[in-house]
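Chemist: Pasting entry.pdb here (PDB, C-alpha atoms):
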ATOM      1  CA  MET A 145      45.014 104.027  63.887
ATOM      2  CA  LEU A 146      46.984 106.823  62.255
ATOM      3  CA  ASN A 147      50.243 104.881  62.188
ATOM      4  CA  ASN A 148      51.041 104.748  58.480
ATOM      5  CA  THR A 149      51.829 108.397  58.116
ATOM      6  CA  PRO A 150      55.357 109.485  57.224
ATOM      7  CA  GLU A 151      54.471 112.628  59.203
ATOM      8  CA  LEU A 152      54.607 110.649  62.448
ATOM      9  CA  ASN A 153      58.137 109.408  61.624
ATOM     10  CA  ALA A 154      59.408 112.973  61.182
ATOM     11  CA  LEU A 155      57.382 114.192  64.141
ATOM     12  CA  PHE A 156      58.671 111.661  66.670
ATOM     13  CA  HIS A 157      62.198 111.949  65.250
ATOM     14  CA  ALA A 158      62.045 115.726  65.778
ATOM     15  CA  LEU A 159      60.915 115.258  69.389
ATOM     16  CA  ALA A 160      63.705 112.741  70.162
ATOM     17  CA  ASP A 161      66.215 115.563  70.769
ATOM     18  CA  PRO A 162      66.233 117.508  74.074
ATOM     19  CA  ALA A 163      67.232 120.824  72.422
ATOM     20  CA  ARG A 164      64.353 120.534  69.944
ATOM     21  CA  ARG A 165      61.935 119.666  72.785
ATOM     22  CA  ALA A 166      63.195 122.757  74.663
ATOM     23  CA  MET A 167      62.420 124.828  71.536
ATOM     24  CA  VAL A 168      58.922 123.338  71.249
ATOM     25  CA  GLU A 169      58.321 124.072  74.965
ATOM     26  CA  ARG A 170      59.485 127.681  74.498
ATOM     27  CA  LEU A 171      57.371 128.167  71.361
ATOM     28  CA  SER A 172      54.317 126.725  73.125
ATOM     29  CA  ARG A 173      54.367 129.916  75.207
ATOM     30  CA  GLY A 174      54.301 132.063  72.039
ATOM     31  CA  PRO A 175      56.319 132.990  68.908
ATOM     32  CA  VAL A 176      59.884 134.253  69.363
ATOM     33  CA  SER A 177      62.747 135.404  67.179
ATOM     34  CA  LEU A 178      65.427 132.878  66.241
ATOM     35  CA  GLY A 179      67.888 134.863  68.402
ATOM     36  CA  ASP A 180      65.664 134.624  71.495
ATOM     37  CA  LEU A 181      65.018 130.946  70.803
ATOM     38  CA  ALA A 182      68.785 130.320  70.648
ATOM     39  CA  GLN A 183      69.661 132.467  73.676
ATOM     40  CA  PRO A 184      69.170 129.904  76.518
ATOM     41  CA  LEU A 185      70.622 127.002  74.518
ATOM     42  CA  PRO A 186      74.306 126.007  74.866
ATOM     43  CA  MET A 187      74.954 125.878  71.114
ATOM     44  CA  THR A 188      75.798 128.042  68.106
ATOM     45  CA  LEU A 189      73.126 129.919  66.178
ATOM     46  CA  SER A 190      73.982 127.696  63.216
ATOM     47  CA  ALA A 191      73.187 124.558  65.262
ATOM     48  CA  VAL A 192      69.926 126.151  66.423
ATOM     49  CA  MET A 193      68.995 126.865  62.795
ATOM     50  CA  GLN A 194      69.598 123.213  61.899
ATOM     51  CA  HIS A 195      67.318 122.098  64.723
ATOM     52  CA  VAL A 196      64.654 124.592  63.605
ATOM     53  CA  LYS A 197      64.887 123.116  60.106
ATOM     54  CA  VAL A 198      64.198 119.623  61.499
ATOM     55  CA  LEU A 199      61.206 121.014  63.416
ATOM     56  CA  GLU A 200      59.977 122.808  60.261
ATOM     57  CA  ASN A 201      60.344 119.660  58.144
ATOM     58  CA  ALA A 202      58.284 117.779  60.736
ATOM     59  CA  GLY A 203      55.603 120.470  60.479
ATOM     60  CA  LEU A 204      56.005 121.325  64.173
ATOM     61  CA  VAL A 205      57.281 124.854  63.665
ATOM     62  CA  SER A 206      56.832 127.583  61.069
ATOM     63  CA  SER A 207      59.119 130.563  60.648
ATOM     64  CA  GLU A 208      58.904 133.849  58.822
ATOM     65  CA  LYS A 209      61.611 136.403  58.085
ATOM     66  CA  VAL A 210      60.619 140.050  58.280
ATOM     67  CA  GLY A 211      63.538 142.384  57.614
ATOM     68  CA  ARG A 212      66.500 140.855  59.397
ATOM     69  CA  VAL A 213      64.512 139.005  62.046
ATOM     70  CA  ARG A 214      63.260 135.442  61.622
ATOM     71  CA  THR A 215      60.353 134.670  63.951
ATOM     72  CA  CYS A 216      59.436 131.075  64.828
ATOM     73  CA  ALA A 217      56.022 129.819  65.885
ATOM     74  CA  ILE A 218      54.635 126.458  66.991
ATOM     75  CA  ARG A 219      52.139 124.585  64.823
ATOM     76  CA  PRO A 220      50.001 122.972  67.518
ATOM     77  CA  ASP A 221      47.962 120.825  65.094
ATOM     78  CA  THR A 222      51.041 118.767  64.278
ATOM     79  CA  LEU A 223      51.808 118.181  67.950
ATOM     80  CA  SER A 224      48.200 116.997  68.302
ATOM     81  CA  GLN A 225      48.888 114.249  65.721
ATOM     82  CA  ALA A 226      51.445 112.691  68.081
ATOM     83  CA  GLU A 227      49.098 113.105  71.026
ATOM     84  CA  LYS A 228      46.260 111.428  69.079
ATOM     85  CA  TRP A 229      48.402 108.427  68.176
ATOM     86  CA  ILE A 230      49.567 107.866  71.778
ATOM     87  CA  ASN A 231      46.026 108.441  73.009
ATOM     88  CA  ALA A 232      44.665 105.801  70.606
ATOM     89  CA  CYS A 233      47.184 103.290  72.013
ATOM     90  CA  ARG A 234      46.136 104.121  75.575
ATOM     91  CA  VAL A 235      42.451 103.698  74.697
ATOM     92  CA  GLU A 236      43.217 100.230  73.250
ATOM     93  CA  TRP A 237      45.143  99.361  76.397
ATOM     94  CA  GLU A 238      42.347 100.545  78.692
ATOM     95  CA  HIS A 239      39.731  98.618  76.647
ATOM     96  CA  ARG A 240      41.854  95.542  77.114
ATOM     97  CA  LEU A 241      41.974  96.091  80.885
ATOM     98  CA  ASP A 242      38.172  96.587  80.901
ATOM     99  CA  ARG A 243      37.651  93.348  78.959
ATOM    100  CA  LEU A 244      40.052  91.555  81.297
ATOM    101  CA  GLY A 245      38.155  92.965  84.283
ATOM    102  CA  GLU A 246      34.815  91.793  82.840
ATOM    103  CA  TYR A 247      36.259  88.334  82.155
ATOM    104  CA  LEU A 248      37.583  88.029  85.711
ATOM    105  CA  GLU A 249      34.193  89.219  87.011
ATOM    106  CA  THR A 250      32.476  86.480  84.949
ATOM    107  CA  LEU A 251      34.878  83.849  86.305
ATOM    108  CA  ASN A 252      34.228  85.132  89.814
ATOM    109  CA  ASN A 253      30.434  85.000  89.357
ATOM    110  CA  GLU A 254      30.657  81.504  87.878
ATOM    111  CA  GLY A 255      32.678  80.469  90.916
ATOM    112  CA  ASP A 256      29.970  81.928  93.188
ATOM    113  CA  ASP A 257      27.227  80.117  91.226
ATOM    114  CA  HIS A 258      29.043  76.798  91.556
ATOM    115  CA  GLY A 259      29.482  77.549  95.262
ATOM    116  CA  THR A 260      25.699  78.075  95.604
ATOM    117  CA  ASP A 261      24.909  74.885  93.648
ATOM    118  CA  GLN A 262      26.896  72.696  95.972
TER     119      GLN A 262
ATOM    120  CA  MET B  37      58.164 120.439  82.185
ATOM    121  CA  LEU B  38      59.591 116.935  82.042
ATOM    122  CA  ASN B  39      61.927 117.722  79.157
ATOM    123  CA  ASN B  40      65.336 116.956  80.621
ATOM    124  CA  THR B  41      64.881 113.247  80.808
ATOM    125  CA  PRO B  42      67.059 110.965  78.688
ATOM    126  CA  GLU B  43      64.034 108.633  78.804
ATOM    127  CA  LEU B  44      62.118 110.980  76.481
ATOM    128  CA  ASN B  45      64.972 110.892  73.926
ATOM    129  CA  ALA B  46      64.858 107.083  73.776
ATOM    130  CA  LEU B  47      61.066 107.072  73.893
ATOM    131  CA  PHE B  48      60.482 109.456  70.970
ATOM    132  CA  HIS B  49      63.335 107.830  69.001
ATOM    133  CA  ALA B  50      61.639 104.443  69.461
ATOM    134  CA  LEU B  51      58.315 105.842  68.207
ATOM    135  CA  ALA B  52      59.921 107.444  65.109
ATOM    136  CA  ASP B  53      59.824 104.127  63.233
ATOM    137  CA  PRO B  54      56.576 102.856  61.641
ATOM    138  CA  ALA B  55      57.370  99.173  62.338
ATOM    139  CA  ARG B  56      57.974  99.939  66.023
ATOM    140  CA  ARG B  57      54.755 101.976  66.180
ATOM    141  CA  ALA B  58      52.903  99.017  64.596
ATOM    142  CA  MET B  59      54.356  96.796  67.358
ATOM    143  CA  VAL B  60      53.271  99.245  70.085
ATOM    144  CA  GLU B  61      49.766  99.356  68.541
ATOM    145  CA  ARG B  62      49.607  95.539  68.484
ATOM    146  CA  LEU B  63      50.870  95.231  72.058
ATOM    147  CA  SER B  64      48.355  97.842  73.266
ATOM    148  CA  ARG B  65      45.711  95.184  72.552
ATOM    149  CA  GLY B  66      47.540  92.658  74.784
ATOM    150  CA  PRO B  67      50.773  90.652  75.131
ATOM    151  CA  VAL B  68      51.841  88.420  72.213
ATOM    152  CA  SER B  69      54.679  86.075  71.360
ATOM    153  CA  LEU B  70      57.587  87.421  69.338
ATOM    154  CA  GLY B  71      56.490  85.184  66.451
ATOM    155  CA  ASP B  72      52.958  86.602  66.419
ATOM    156  CA  LEU B  73      54.336  90.137  66.721
ATOM    157  CA  ALA B  74      56.563  89.520  63.692
ATOM    158  CA  GLN B  75      53.916  87.738  61.597
ATOM    159  CA  PRO B  76      52.202  90.774  59.940
ATOM    160  CA  LEU B  77      55.455  92.682  59.443
ATOM    161  CA  PRO B  78      57.361  92.488  56.123
ATOM    162  CA  MET B  79      60.751  91.771  57.735
ATOM    163  CA  THR B  80      62.900  88.992  59.141
ATOM    164  CA  LEU B  81      62.499  87.761  62.725
ATOM    165  CA  SER B  82      66.002  89.074  63.378
ATOM    166  CA  ALA B  83      64.948  92.605  62.309
ATOM    167  CA  VAL B  84      61.854  92.335  64.519
ATOM    168  CA  MET B  85      64.067  91.349  67.468
ATOM    169  CA  GLN B  86      66.231  94.427  66.903
ATOM    170  CA  HIS B  87      63.157  96.668  66.909
ATOM    171  CA  VAL B  88      61.915  94.976  70.102
ATOM    172  CA  LYS B  89      65.311  95.691  71.682
ATOM    173  CA  VAL B  90      64.949  99.414  70.845
ATOM    174  CA  LEU B  91      61.446  99.372  72.376
ATOM    175  CA  GLU B  92      62.770  97.548  75.470
ATOM    176  CA  ASN B  93      65.651 100.019  75.871
ATOM    177  CA  ALA B  94      63.111 102.867  75.705
ATOM    178  CA  GLY B  95      61.095 101.149  78.464
ATOM    179  CA  LEU B  96      58.085 100.849  76.145
ATOM    180  CA  VAL B  97      58.018  97.061  75.997
ATOM    181  CA  SER B  98      59.015  94.229  78.304
ATOM    182  CA  SER B  99      59.586  90.641  77.210
ATOM    183  CA  GLU B 100      59.897  87.331  78.982
ATOM    184  CA  LYS B 101      61.048  83.981  77.673
ATOM    185  CA  VAL B 102      59.242  80.917  78.942
ATOM    186  CA  GLY B 103      60.530  77.696  77.403
ATOM    187  CA  ARG B 104      61.095  78.492  73.733
ATOM    188  CA  VAL B 105      58.549  81.301  73.489
ATOM    189  CA  ARG B 106      59.386  84.958  74.159
ATOM    190  CA  THR B 107      56.273  86.974  75.017
ATOM    191  CA  CYS B 108      56.244  90.769  74.650
ATOM    192  CA  ALA B 109      54.046  93.202  76.575
ATOM    193  CA  ILE B 110      53.520  96.962  76.480
ATOM    194  CA  ARG B 111      54.558  99.118  79.436
ATOM    195  CA  PRO B 112      51.824 101.757  79.307
ATOM    196  CA  ASP B 113      53.403 103.995  81.986
ATOM    197  CA  THR B 114      56.274 104.815  79.641
ATOM    198  CA  LEU B 115      53.915 105.736  76.821
ATOM    199  CA  SER B 116      52.165 108.040  79.294
ATOM    200  CA  GLN B 117      55.452 109.959  79.781
ATOM    201  CA  ALA B 118      55.360 111.007  76.121
ATOM    202  CA  GLU B 119      51.661 111.841  76.363
ATOM    203  CA  LYS B 120      52.306 113.981  79.473
ATOM    204  CA  TRP B 121      55.065 115.962  77.781
ATOM    205  CA  ILE B 122      52.959 116.721  74.689
ATOM    206  CA  ASN B 123      49.977 117.508  76.897
ATOM    207  CA  ALA B 124      52.050 120.008  78.936
ATOM    208  CA  CYS B 125      52.999 121.800  75.684
ATOM    209  CA  ARG B 126      49.353 121.932  74.614
ATOM    210  CA  VAL B 127      48.299 123.348  77.991
ATOM    211  CA  GLU B 128      50.943 126.110  77.637
ATOM    212  CA  TRP B 129      49.678 126.837  74.139
ATOM    213  CA  GLU B 130      46.051 126.984  75.244
ATOM    214  CA  HIS B 131      46.951 129.273  78.191
ATOM    215  CA  ARG B 132      48.633 131.569  75.712
ATOM    216  CA  LEU B 133      45.507 131.640  73.548
ATOM    217  CA  ASP B 134      43.398 132.387  76.649
ATOM    218  CA  ARG B 135      45.707 135.245  77.667
ATOM    219  CA  LEU B 136      45.625 136.567  74.098
ATOM    220  CA  GLY B 137      41.821 136.364  74.112
ATOM    221  CA  GLU B 138      41.639 138.254  77.415
ATOM    222  CA  TYR B 139      44.005 140.906  76.084
ATOM    223  CA  LEU B 140      41.935 141.383  72.914
ATOM    224  CA  GLU B 141      38.792 141.560  75.072
ATOM    225  CA  THR B 142      40.417 144.319  77.182
ATOM    226  CA  LEU B 143      41.385 146.244  74.047
ATOM    227  CA  ASN B 144      37.841 145.861  72.742
ATOM    228  CA  ASN B 145      36.311 147.113  76.018
ATOM    229  CA  GLU B 146      38.706 150.056  76.117
ATOM    230  CA  GLY B 147      37.647 150.908  72.570
ATOM    231  CA  ASP B 148      33.966 150.773  73.629
ATOM    232  CA  ASP B 149      34.675 153.032  76.648
ATOM    233  CA  HIS B 150      36.364 155.610  74.452
ATOM    234  CA  GLY B 151      33.383 155.424  72.118
ATOM    235  CA  THR B 152      30.984 156.216  75.012
ATOM    236  CA  ASP B 153      33.129 159.128  76.246
ATOM    237  CA  GLN B 154      32.990 160.964  72.972
TER     238      GLN B 154
END
Before anything else, please render the file you have as structure tokens.
Modeler:
Amino acid sequence: MLNNTPELNALFHALADPARRAMVERLSRGPVSLGDLAQPLPMTLSAVMQHVKVLENAGLVSSEKVGRVRTCAIRPDTLSQAEKWINACRVEWEHRLDRLGEYLETLNNEGDDHGTDQ
Amino acid sequence: MLNNTPELNALFHALADPARRAMVERLSRGPVSLGDLAQPLPMTLSAVMQHVKVLENAGLVSSEKVGRVRTCAIRPDTLSQAEKWINACRVEWEHRLDRLGEYLETLNNEGDDHGTDQ
């Protein structure tokens, strides 16, 4: 699996905050200025900038300043890293259920065979 | 989206630690005793128990003590919550790309039409 990546630590840490998740949701719909990103959130612009920094450090968001406006954009590849890790866990889990199902099937068939023998 | 759930805060916080992710990976392959879960990890049993508590509080892991052995198991439904949230963001992002593609296509066609007129 992809576990031993410091990127995943920063990534999941960044997503552990509801304001940062709200920003990621907003940016998933397209790039916006820092002002527009801050507008619906009940916090100061300074607090929003700190959250954006955490998202940038995690590689989830990029931002660019043109003139006086800083525009933020999502980096979907990074979000995919988290999705891949969770997905890999689910695949393991489903394999296990399949194996368990096959084992129970074998036990069941063996039971039937013994039933026929008697 | 499913953003405003305190569960997601605890869930992503729990996954932000590499030792806890290693435990989730191990438990995805099936339930194990606390001792076996701790065995490959370079930390004390007490530290492992603290990590398991964080995973339990996040709803990612359940544990049961029978006699002297505590057995831990994954709770895959909780992991799916995180997967669903990330997936919803990706869907938004892909919709945006589709809309952008359609818009560019329209611009392109309009350009072609103008070309024919002249």
Chemist: For chain B, report every residue with an atom at most 9 Å from chain A (counting all atoms listed in the file), formatted as a PyMOL selection string.
Modeler: chain B and resi 37+39-42+44-54+57-58+60-66+110+112+115-116+118-119+122-133
Chemist: If I take atom CA of Pro76 of chain B and atom CA of Gly95 of chain B, how far is one from the other in Å, to one decimal?
Modeler: 23.0 Å
Chemist: Would you pick out the contacts of Arg104 of chain B at 12 Å or less, using only C-alpha atoms, so that residues sharing its chain but fewer than 4 positions from it are not included, and give the list as a list in words?
Modeler: Ser69, Leu70, Gly71 and Glu100 of chain B
Chemist: Suppose we keep C-alpha atoms; can you now write the selection as a PDB file, in the coordinates of the input?
Modeler:
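Result file follows (out_29.pdb):
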ATOM      1  CA  SER B  69      54.679  86.075  71.360  1.00  0.00           C
ATOM      2  CA  LEU B  70      57.587  87.421  69.338  1.00  0.00           C
ATOM      3  CA  GLY B  71      56.490  85.184  66.451  1.00  0.00           C
ATOM      4  CA  GLU B 100      59.897  87.331  78.982  1.00  0.00           C
TER       5      GLU B 100
END
Chemist: Rounded to one decimal place, report the atom CA of Thr107 of chain B-atom CA of Glu249 of chain A distance in Å.
Modeler: 25.2 Å
Chemist: Would you compute the distance between atom CA of Ser82 of chain B and atom CA of Cys108 of chain B? Give it in Å to one decimal.
Modeler: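 Atom-to-atom, atom CA of Ser82 of chain B and atom CA of Cys108 of chain B are spaced 15.0 Å apart.
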Chemist: Using only C-alpha atoms, which protein or nucleic acid residues come within 10 Å of Leu77 of chain B? Drop anything in the same chain fewer than 4 positions from it, and give the result as a ChimeraX atom specification.
Modeler: /B:55,58-59,72-73,81,83-84
Chemist: How about saving the chosen residues, C-alpha atoms kept, as a PDB file, in the coordinates of the input?
Modeler:
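Dumped to result03.pdb:
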ATOM      1  CA  ALA B  55      57.370  99.173  62.338  1.00  0.00           C
ATOM      2  CA  ALA B  58      52.903  99.017  64.596  1.00  0.00           C
ATOM      3  CA  MET B  59      54.356  96.796  67.358  1.00  0.00           C
ATOM      4  CA  ASP B  72      52.958  86.602  66.419  1.00  0.00           C
ATOM      5  CA  LEU B  73      54.336  90.137  66.721  1.00  0.00           C
ATOM      6  CA  LEU B  81      62.499  87.761  62.725  1.00  0.00           C
ATOM      7  CA  ALA B  83      64.948  92.605  62.309  1.00  0.00           C
ATOM      8  CA  VAL B  84      61.854  92.335  64.519  1.00  0.00           C
TER       9      VAL B  84
END
Chemist: Axis-aligned box over every listed atom of segment 197-205 of chain A, padded by 3 Å per side: centre and edges in Å to one decimal, as JSON?
Modeler:
{"center_x": 60.2, "center_y": 121.3, "center_z": 61.2, "size_x": 15.3, "size_y": 13.1, "size_z": 12.0}
